[in-house]
Structure formats: structure tokens, C-alpha cells
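Participant: Below you'll find data20.cif; it's mmCIF, C-alpha atoms; chains and numbers go by the auth columns.
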data_coords
loop_
_atom_site.group_PDB
_atom_site.id
_atom_site.type_symbol
_atom_site.label_atom_id
_atom_site.label_comp_id
_atom_site.label_asym_id
_atom_site.label_seq_id
_atom_site.Cartn_x
_atom_site.Cartn_y
_atom_site.Cartn_z
_atom_site.B_iso_or_equiv
_atom_site.auth_seq_id
_atom_site.auth_asym_id
ATOM 1 C CA MET A 1 98.184 60.989 88.859 0.00 53 A
ATOM 2 C CA GLU A 2 98.784 57.344 89.734 0.00 54 A
ATOM 3 C CA ILE A 3 97.184 55.987 92.903 0.00 55 A
ATOM 4 C CA GLN A 4 99.523 53.892 95.045 0.00 56 A
ATOM 5 C CA GLN A 5 98.001 50.472 95.696 0.00 57 A
ATOM 6 C CA GLU A 6 98.885 48.401 98.749 0.00 58 A
ATOM 7 C CA PHE A 7 100.218 44.930 98.082 0.00 59 A
ATOM 8 C CA THR A 8 100.469 42.472 100.931 0.00 60 A
ATOM 9 C CA LEU A 9 101.859 38.973 101.005 0.00 61 A
ATOM 10 C CA SER A 10 99.205 36.311 101.496 0.00 62 A
ATOM 11 C CA ASP A 11 99.772 33.609 104.087 0.00 63 A
ATOM 12 C CA GLU A 12 100.159 31.108 101.240 0.00 64 A
ATOM 13 C CA LEU A 13 102.847 33.243 99.591 0.00 65 A
ATOM 14 C CA ILE A 14 104.693 33.716 102.896 0.00 66 A
ATOM 15 C CA THR A 15 104.665 29.938 103.395 0.00 67 A
ATOM 16 C CA PHE A 16 106.056 29.487 99.862 0.00 68 A
ATOM 17 C CA ILE A 17 108.813 32.049 100.462 0.00 69 A
ATOM 18 C CA ASP A 18 109.738 30.455 103.776 0.00 70 A
ATOM 19 C CA ALA A 19 109.888 27.004 102.156 0.00 71 A
ATOM 20 C CA TRP A 20 112.245 28.287 99.429 0.00 72 A
ATOM 21 C CA LYS A 21 114.244 30.703 101.576 0.00 73 A
ATOM 22 C CA GLU A 22 117.314 28.456 101.992 0.00 74 A
ATOM 23 C CA LYS A 23 117.155 26.563 98.678 0.00 75 A
ATOM 24 C CA ARG A 24 119.517 27.034 95.769 0.00 76 A
ATOM 25 C CA GLY A 25 117.919 29.040 92.947 0.00 77 A
ATOM 26 C CA ASN A 26 115.300 30.360 95.329 0.00 78 A
ATOM 27 C CA LEU A 27 115.082 33.915 94.041 0.00 79 A
ATOM 28 C CA ILE A 28 113.809 33.060 90.564 0.00 80 A
ATOM 29 C CA MET A 29 111.310 30.537 91.928 0.00 81 A
ATOM 30 C CA ILE A 30 109.999 33.021 94.479 0.00 82 A
ATOM 31 C CA LEU A 31 109.746 35.819 91.915 0.00 83 A
ATOM 32 C CA HIS A 32 107.798 33.522 89.580 0.00 84 A
ATOM 33 C CA ARG A 33 105.358 32.763 92.404 0.00 85 A
ATOM 34 C CA ILE A 34 105.003 36.461 93.281 0.00 86 A
ATOM 35 C CA GLN A 35 104.294 37.331 89.662 0.00 87 A
ATOM 36 C CA GLN A 36 101.773 34.503 89.493 0.00 88 A
ATOM 37 C CA GLU A 37 99.920 36.025 92.438 0.00 89 A
ATOM 38 C CA PHE A 38 100.013 39.704 91.447 0.00 90 A
ATOM 39 C CA GLY A 39 100.503 39.575 87.667 0.00 91 A
ATOM 40 C CA PHE A 40 103.786 41.466 88.142 0.00 92 A
ATOM 41 C CA VAL A 41 106.332 42.078 90.914 0.00 93 A
ATOM 42 C CA PRO A 42 105.256 45.198 92.837 0.00 94 A
ATOM 43 C CA ARG A 43 108.097 47.298 94.259 0.00 95 A
ATOM 44 C CA GLN A 44 106.836 47.066 97.834 0.00 96 A
ATOM 45 C CA VAL A 45 106.679 43.266 97.533 0.00 97 A
ATOM 46 C CA ALA A 46 110.270 43.206 96.222 0.00 98 A
ATOM 47 C CA ILE A 47 111.317 45.300 99.240 0.00 99 A
ATOM 48 C CA GLU A 48 109.519 42.928 101.626 0.00 100 A
ATOM 49 C CA LEU A 49 111.068 39.924 99.852 0.00 101 A
ATOM 50 C CA SER A 50 114.524 41.470 100.273 0.00 102 A
ATOM 51 C CA ARG A 51 113.943 41.638 104.032 0.00 103 A
ATOM 52 C CA ARG A 52 112.428 38.152 104.301 0.00 104 A
ATOM 53 C CA ILE A 53 115.168 36.272 102.464 0.00 105 A
ATOM 54 C CA ASP A 54 118.017 38.638 103.351 0.00 106 A
ATOM 55 C CA VAL A 55 118.971 39.382 99.748 0.00 107 A
ATOM 56 C CA PRO A 56 119.904 42.908 98.674 0.00 108 A
ATOM 57 C CA LEU A 57 117.161 44.714 96.760 0.00 109 A
ATOM 58 C CA ALA A 58 119.718 45.450 94.030 0.00 110 A
ATOM 59 C CA LYS A 59 120.153 41.707 93.437 0.00 111 A
ATOM 60 C CA ILE A 60 116.378 41.229 93.210 0.00 112 A
ATOM 61 C CA TYR A 61 116.144 44.029 90.653 0.00 113 A
ATOM 62 C CA GLY A 62 119.120 42.564 88.817 0.00 114 A
ATOM 63 C CA VAL A 63 117.071 39.403 88.257 0.00 115 A
ATOM 64 C CA LEU A 64 113.868 41.315 87.464 0.00 116 A
ATOM 65 C CA THR A 65 115.568 43.419 84.801 0.00 117 A
ATOM 66 C CA PHE A 66 117.707 40.634 83.311 0.00 118 A
ATOM 67 C CA TYR A 67 114.873 38.195 82.582 0.00 119 A
ATOM 68 C CA HIS A 68 112.336 39.387 80.022 0.00 120 A
ATOM 69 C CA TYR A 69 109.598 37.297 81.660 0.00 121 A
ATOM 70 C CA PHE A 70 109.345 39.410 84.810 0.00 122 A
ATOM 71 C CA LYS A 71 107.118 42.467 84.832 0.00 123 A
ATOM 72 C CA GLN A 72 107.651 45.390 87.182 0.00 124 A
ATOM 73 C CA LYS A 73 104.483 47.245 86.241 0.00 125 A
ATOM 74 C CA LYS A 74 100.927 46.030 86.340 0.00 126 A
ATOM 75 C CA PRO A 75 100.085 44.564 82.942 0.00 127 A
ATOM 76 C CA GLY A 76 97.028 45.553 80.947 0.00 128 A
ATOM 77 C CA ARG A 77 93.951 43.397 80.871 0.00 129 A
ATOM 78 C CA HIS A 78 94.968 42.136 77.420 0.00 130 A
ATOM 79 C CA THR A 79 98.507 41.274 76.323 0.00 131 A
ATOM 80 C CA LEU A 80 99.314 42.096 72.722 0.00 132 A
ATOM 81 C CA SER A 81 102.491 40.324 71.578 0.00 133 A
ATOM 82 C CA VAL A 82 104.185 40.878 68.233 0.00 134 A
ATOM 83 C CA CYS A 83 106.557 38.180 67.049 0.00 135 A
ATOM 84 C CA THR A 84 110.003 39.478 66.118 0.00 136 A
ATOM 85 C CA GLY A 85 111.490 36.115 65.133 0.00 137 A
ATOM 86 C CA THR A 86 113.361 35.911 61.834 0.00 138 A
ATOM 87 C CA ALA A 87 110.412 35.013 59.589 0.00 139 A
ATOM 88 C CA CYS A 88 108.130 37.641 61.115 0.00 140 A
ATOM 89 C CA TYR A 89 110.872 40.245 61.109 0.00 141 A
ATOM 90 C CA LEU A 90 111.535 39.675 57.420 0.00 142 A
ATOM 91 C CA LYS A 91 107.825 39.827 56.585 0.00 143 A
ATOM 92 C CA GLY A 92 107.165 43.158 58.308 0.00 144 A
ATOM 93 C CA ALA A 93 106.953 42.774 62.090 0.00 145 A
ATOM 94 C CA HIS A 94 108.640 46.156 62.519 0.00 146 A
ATOM 95 C CA GLY A 95 105.789 47.893 60.668 0.00 147 A
ATOM 96 C CA VAL A 96 103.272 46.011 62.817 0.00 148 A
ATOM 97 C CA ILE A 97 105.029 47.161 65.992 0.00 149 A
ATOM 98 C CA GLN A 98 105.123 50.761 64.767 0.00 150 A
ATOM 99 C CA GLU A 99 101.398 50.746 64.027 0.00 151 A
ATOM 100 C CA VAL A 100 100.550 49.101 67.373 0.00 152 A
ATOM 101 C CA GLU A 101 102.561 51.818 69.122 0.00 153 A
ATOM 102 C CA ASN A 102 100.797 54.478 67.044 0.00 154 A
ATOM 103 C CA LEU A 103 97.301 53.115 67.713 0.00 155 A
ATOM 104 C CA LEU A 104 97.760 52.443 71.435 0.00 156 A
ATOM 105 C CA GLY A 105 100.116 55.296 72.250 0.00 157 A
ATOM 106 C CA VAL A 106 102.563 53.067 74.117 0.00 158 A
ATOM 107 C CA GLY A 107 105.758 51.236 73.271 0.00 159 A
ATOM 108 C CA ILE A 108 107.076 47.755 73.900 0.00 160 A
ATOM 109 C CA LYS A 109 106.951 46.690 77.589 0.00 161 A
ATOM 110 C CA GLU A 110 104.372 49.392 78.348 0.00 162 A
ATOM 111 C CA SER A 111 100.681 49.385 79.173 0.00 163 A
ATOM 112 C CA THR A 112 97.997 51.768 78.016 0.00 164 A
ATOM 113 C CA ASP A 113 96.780 54.390 80.480 0.00 165 A
ATOM 114 C CA ASP A 114 93.303 52.838 80.528 0.00 166 A
ATOM 115 C CA GLY A 115 94.779 49.478 81.609 0.00 167 A
ATOM 116 C CA GLU A 116 93.383 47.654 78.572 0.00 168 A
ATOM 117 C CA PHE A 117 96.595 46.577 76.802 0.00 169 A
ATOM 118 C CA SER A 118 100.204 45.645 77.483 0.00 170 A
ATOM 119 C CA VAL A 119 102.478 45.479 74.456 0.00 171 A
ATOM 120 C CA GLU A 120 105.327 42.998 74.090 0.00 172 A
ATOM 121 C CA ALA A 121 107.780 41.955 71.423 0.00 173 A
ATOM 122 C CA VAL A 122 108.462 38.217 71.607 0.00 174 A
ATOM 123 C CA ARG A 123 111.130 36.129 69.924 0.00 175 A
ATOM 124 C CA CYS A 124 108.953 33.444 68.355 0.00 176 A
ATOM 125 C CA ILE A 125 105.326 32.405 68.626 0.00 177 A
ATOM 126 C CA GLY A 126 105.883 29.228 66.604 0.00 178 A
ATOM 127 C CA CYS A 127 103.688 30.134 63.641 0.00 179 A
ATOM 128 C CA CYS A 128 106.405 31.083 61.163 0.00 180 A
ATOM 129 C CA GLY A 129 104.300 30.025 58.183 0.00 181 A
ATOM 130 C CA LEU A 130 101.739 32.692 59.109 0.00 182 A
ATOM 131 C CA SER A 131 104.240 35.535 59.504 0.00 183 A
ATOM 132 C CA PRO A 132 104.057 38.264 60.527 0.00 184 A
ATOM 133 C CA VAL A 133 102.202 37.046 63.597 0.00 185 A
ATOM 134 C CA MET A 134 100.839 38.666 66.720 0.00 186 A
ATOM 135 C CA THR A 135 98.701 37.449 69.562 0.00 187 A
ATOM 136 C CA ILE A 136 96.225 39.137 71.820 0.00 188 A
ATOM 137 C CA ASP A 137 95.949 37.035 74.933 0.00 189 A
ATOM 138 C CA GLU A 138 95.744 33.492 73.519 0.00 190 A
ATOM 139 C CA GLU A 139 94.343 34.369 70.067 0.00 191 A
ATOM 140 C CA VAL A 140 96.800 34.197 67.156 0.00 192 A
ATOM 141 C CA PHE A 141 96.610 36.575 64.196 0.00 193 A
ATOM 142 C CA GLY A 142 98.655 35.610 61.144 0.00 194 A
ATOM 143 C CA GLY A 143 99.579 37.548 58.038 0.00 195 A
ATOM 144 C CA VAL A 144 99.010 40.754 59.981 0.00 196 A
ATOM 145 C CA LYS A 145 99.358 44.029 58.120 0.00 197 A
ATOM 146 C CA PRO A 146 99.478 47.441 59.785 0.00 198 A
ATOM 147 C CA ASP A 147 96.135 48.318 58.158 0.00 199 A
ATOM 148 C CA ASP A 148 94.488 45.331 59.932 0.00 200 A
ATOM 149 C CA LEU A 149 95.427 46.420 63.436 0.00 201 A
ATOM 150 C CA ALA A 150 92.797 49.055 64.245 0.00 202 A
ATOM 151 C CA GLU A 151 89.987 46.589 63.585 0.00 203 A
ATOM 152 C CA ILE A 152 91.689 43.710 65.453 0.00 204 A
ATOM 153 C CA ILE A 153 92.471 45.833 68.502 0.00 205 A
ATOM 154 C CA SER A 154 88.960 47.319 68.577 0.00 206 A
ATOM 155 C CA ARG A 155 87.547 43.817 69.192 0.00 207 A
ATOM 156 C CA TYR A 156 89.273 43.735 72.589 0.00 208 A
ATOM 157 C CA HIS A 157 88.392 47.140 74.032 0.00 209 A
ATOM 158 C CA GLY A 158 86.113 46.523 76.992 0.00 210 A
ATOM 159 C CA LYS A 159 86.268 42.737 76.512 0.00 211 A
ATOM 160 C CA SER A 160 87.281 40.806 79.618 0.00 212 A
#
Go ahead and render the structure in this file as C-alpha cells.
Facilitator:
Amino acid sequence: MEIQQEFTLSDELITFIDAWKEKRGNLIMILHRIQQEFGFVPRQVAIELSRRIDVPLAKIYGVLTFYHYFKQKKPGRHTLSVCTGTACYLKGAHGVIQEVENLLGVGIKESTDDGEFSVEAVRCIGCCGLSPVMTIDEEVFGGVKPDDLAEIISRYHGKS
């Protein structure tokens, strides 16, 4: 059973929203700032934003679901990203993703029940010569094989 958490807009965030309210391109800028504050865009904050800037909630969710960057669920403490760019794909990224999903019990764009990990597939990490590549937070792992994953992931359990 998931406990509903209250999310309120800080005075600083309200000031930011008010400053951007009438500007062109405001919605994406405001959503970036909200995600910066909360780590994702909570539903109740999206509803409040809809009221504050007089934009339909459907439009806000249109932006949230169109752009891969925006998260609608609280991310895990650690972000595990598997590169799916051409070089990584050809060198076995799909097998890496399958094993990550198997080990953590969640798929792409999901977080583990214990809140430790969020899993993402990304287009390119920029380390094509090390493919297949994944990152956990800011640490890069190159030449990753499915058999390596249990040990790599275990290093991050309980680590803040």
C-alpha cells in the first residue's frame, strides 16, 4: 500500500511560476524547475500548476509524457541508465537491460519498491568505445556483460 505524500509549492517556486506565468515557453521551464525541486513532477503539483497558470491539466500531462526527461513518479535513490545507442545496442545492451530487469524486478522507467533504484534506457552516454555502457548515478561502467550486473548493483544497495 502506497502512502500519499503531501507536496506543497515553496515560496521560491511560487515566485518562479509567477515570473514565468506570461512568458512564451513557460510550461517547460516551470516543469523543469518543479522537477528540480521534487525530483519528479507530483500529480498534485501538476494540478496546482494548472490552476496557477490557467493551462489545462491535459496539456501539462501532454508535455510530461512527450518529453523523456520528465518523471511522474518519485525516482529511486540511484539511477541506473543503460545506453541503447547504436554501438551499445549492437554489442548487447538488450541483454544488459533484460538482466537489470531480472535482478531488480522492474522495467525501464520504473523504480524498485525499496526506493533504491530507478531504471532508464538512454540514447547515448558518449562512451561508444566502451560499449555496452551503463551508468549508476555518475559512475560509468563499460564493457558490461549481464553476468557483471549482480556484483555492480550490489555495490549500491544502501549506499547514499
Participant: Which residue, A:Thr117, A:Thr164, A:Arg85, A:Leu61, has the smallest gap to A:Val97 when you use only C-alpha atoms?
Facilitator: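 Counting only C-alpha atoms, the residue closest to A:Val97 is A:Leu61.
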Participant: Just want the 12 Å neighbourhood of stretch 148-150 of chain A, counted on only C-alpha atoms, with same-chain residues fewer than 6 positions away dropped. Output as a ChimeraX atom specification.
Facilitator: /A:132-136,140-142,156-161,171-174,183-187,193-202
Participant: Applied to this file, what does the PyMOL selection byres ((chain A and resi 89) around 12) return in terms of residues, put as JSON, numbers by chain?
Facilitator: {"A": [59, 60, 61, 62, 63, 64, 65, 66, 68, 82, 83, 84, 85, 86, 87, 88, 90, 91, 92, 93, 94, 97, 126]}
Participant: Between atom CA of A:Cys180 and atom CA of A:Ala139, measure the distance and give it in Å to one decimal.
Facilitator: 5.8 Å
Participant: Which is closest to A:Arg129 among A:Ala145, A:Ile188, A:Ile112, A:Leu155, if we use all atoms listed in the file?
Facilitator: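 Using all atoms listed in the file, the shortest distance to A:Arg129 belongs to A:Ile188.
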Participant: Any chance you could resolve the PyMOL selection byres ((chain A and resi 166) around 10) against this file and give the residues as JSON, numbers by chain?
Facilitator: {"A": [128, 129, 163, 164, 165, 167, 168, 169, 209]}
Participant: Evaluating the PyMOL selection byres ((chain A and resi 189) around 6) on the displayed file yields which residues, as a short mmCIF file (atom, residue, chain, number, x, y, z; two decimals) with C-alpha atoms, in the coordinates of the input?
Facilitator:
data_model
loop_
_atom_site.label_atom_id
_atom_site.label_comp_id
_atom_site.auth_asym_id
_atom_site.auth_seq_id
_atom_site.Cartn_x
_atom_site.Cartn_y
_atom_site.Cartn_z
CA HIS A 130 94.97 42.14 77.42
CA THR A 131 98.51 41.27 76.32
CA ILE A 188 96.22 39.14 71.82
CA GLU A 190 95.74 33.49 73.52
CA GLU A 191 94.34 34.37 70.07
#
Participant: Smallest atom-to-atom distance to A:Ser170: which of A:Pro127, A:Ser206, A:His146, A:Leu182, using all atoms listed in the file?
Facilitator: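 Closest to A:Ser170, using all atoms listed in the file: A:Pro127.
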Participant: With 6 Å on each side, where is the centre of the axis-aligned box around all listed atoms of stretch 57-60 of chain A, and how long are its edges in Å to one decimal, as JSON?
Facilitator:
{"center_x": 99.2, "center_y": 46.5, "center_z": 98.3, "size_x": 14.5, "size_y": 20.0, "size_z": 17.2}
Participant: Using Å and a single decimal, report how far atom CA of A:Tyr208 sits from atom CA of A:Cys176.
Facilitator: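 We find that atom CA of A:Cys176 and atom CA of A:Tyr208 lie 22.6 Å from each other.
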Participant: Ranking A:Arg103, A:His120, A:Lys111, A:Arg175 by minimum distance to A:Thr138 and counting all atoms listed in the file, which one comes first?
Facilitator: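 Checking each candidate against A:Thr138, we get A:Arg175 as the closest.
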Participant: In Å, with one decimal, what is the gap from atom CA of A:Ala98 to atom CA of A:Glu162?
Facilitator: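 Calculated distance between atom CA of A:Ala98 and atom CA of A:Glu162 is 19.8 Å.
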Participant: Here is a test: counting all atoms listed in the file, which residue of A:Val152, A:Leu116, A:Cys179, A:Ala71 is nearest to A:Glu203?
Facilitator: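 Of the candidates, the smallest distance to A:Glu203 is held by A:Val152.
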Participant: When you count only C-alpha atoms, which of these residues is closest to A:Ile205: A:Ile177, A:Glu153, A:Gly77, A:Trp72?
Facilitator: A:Glu153
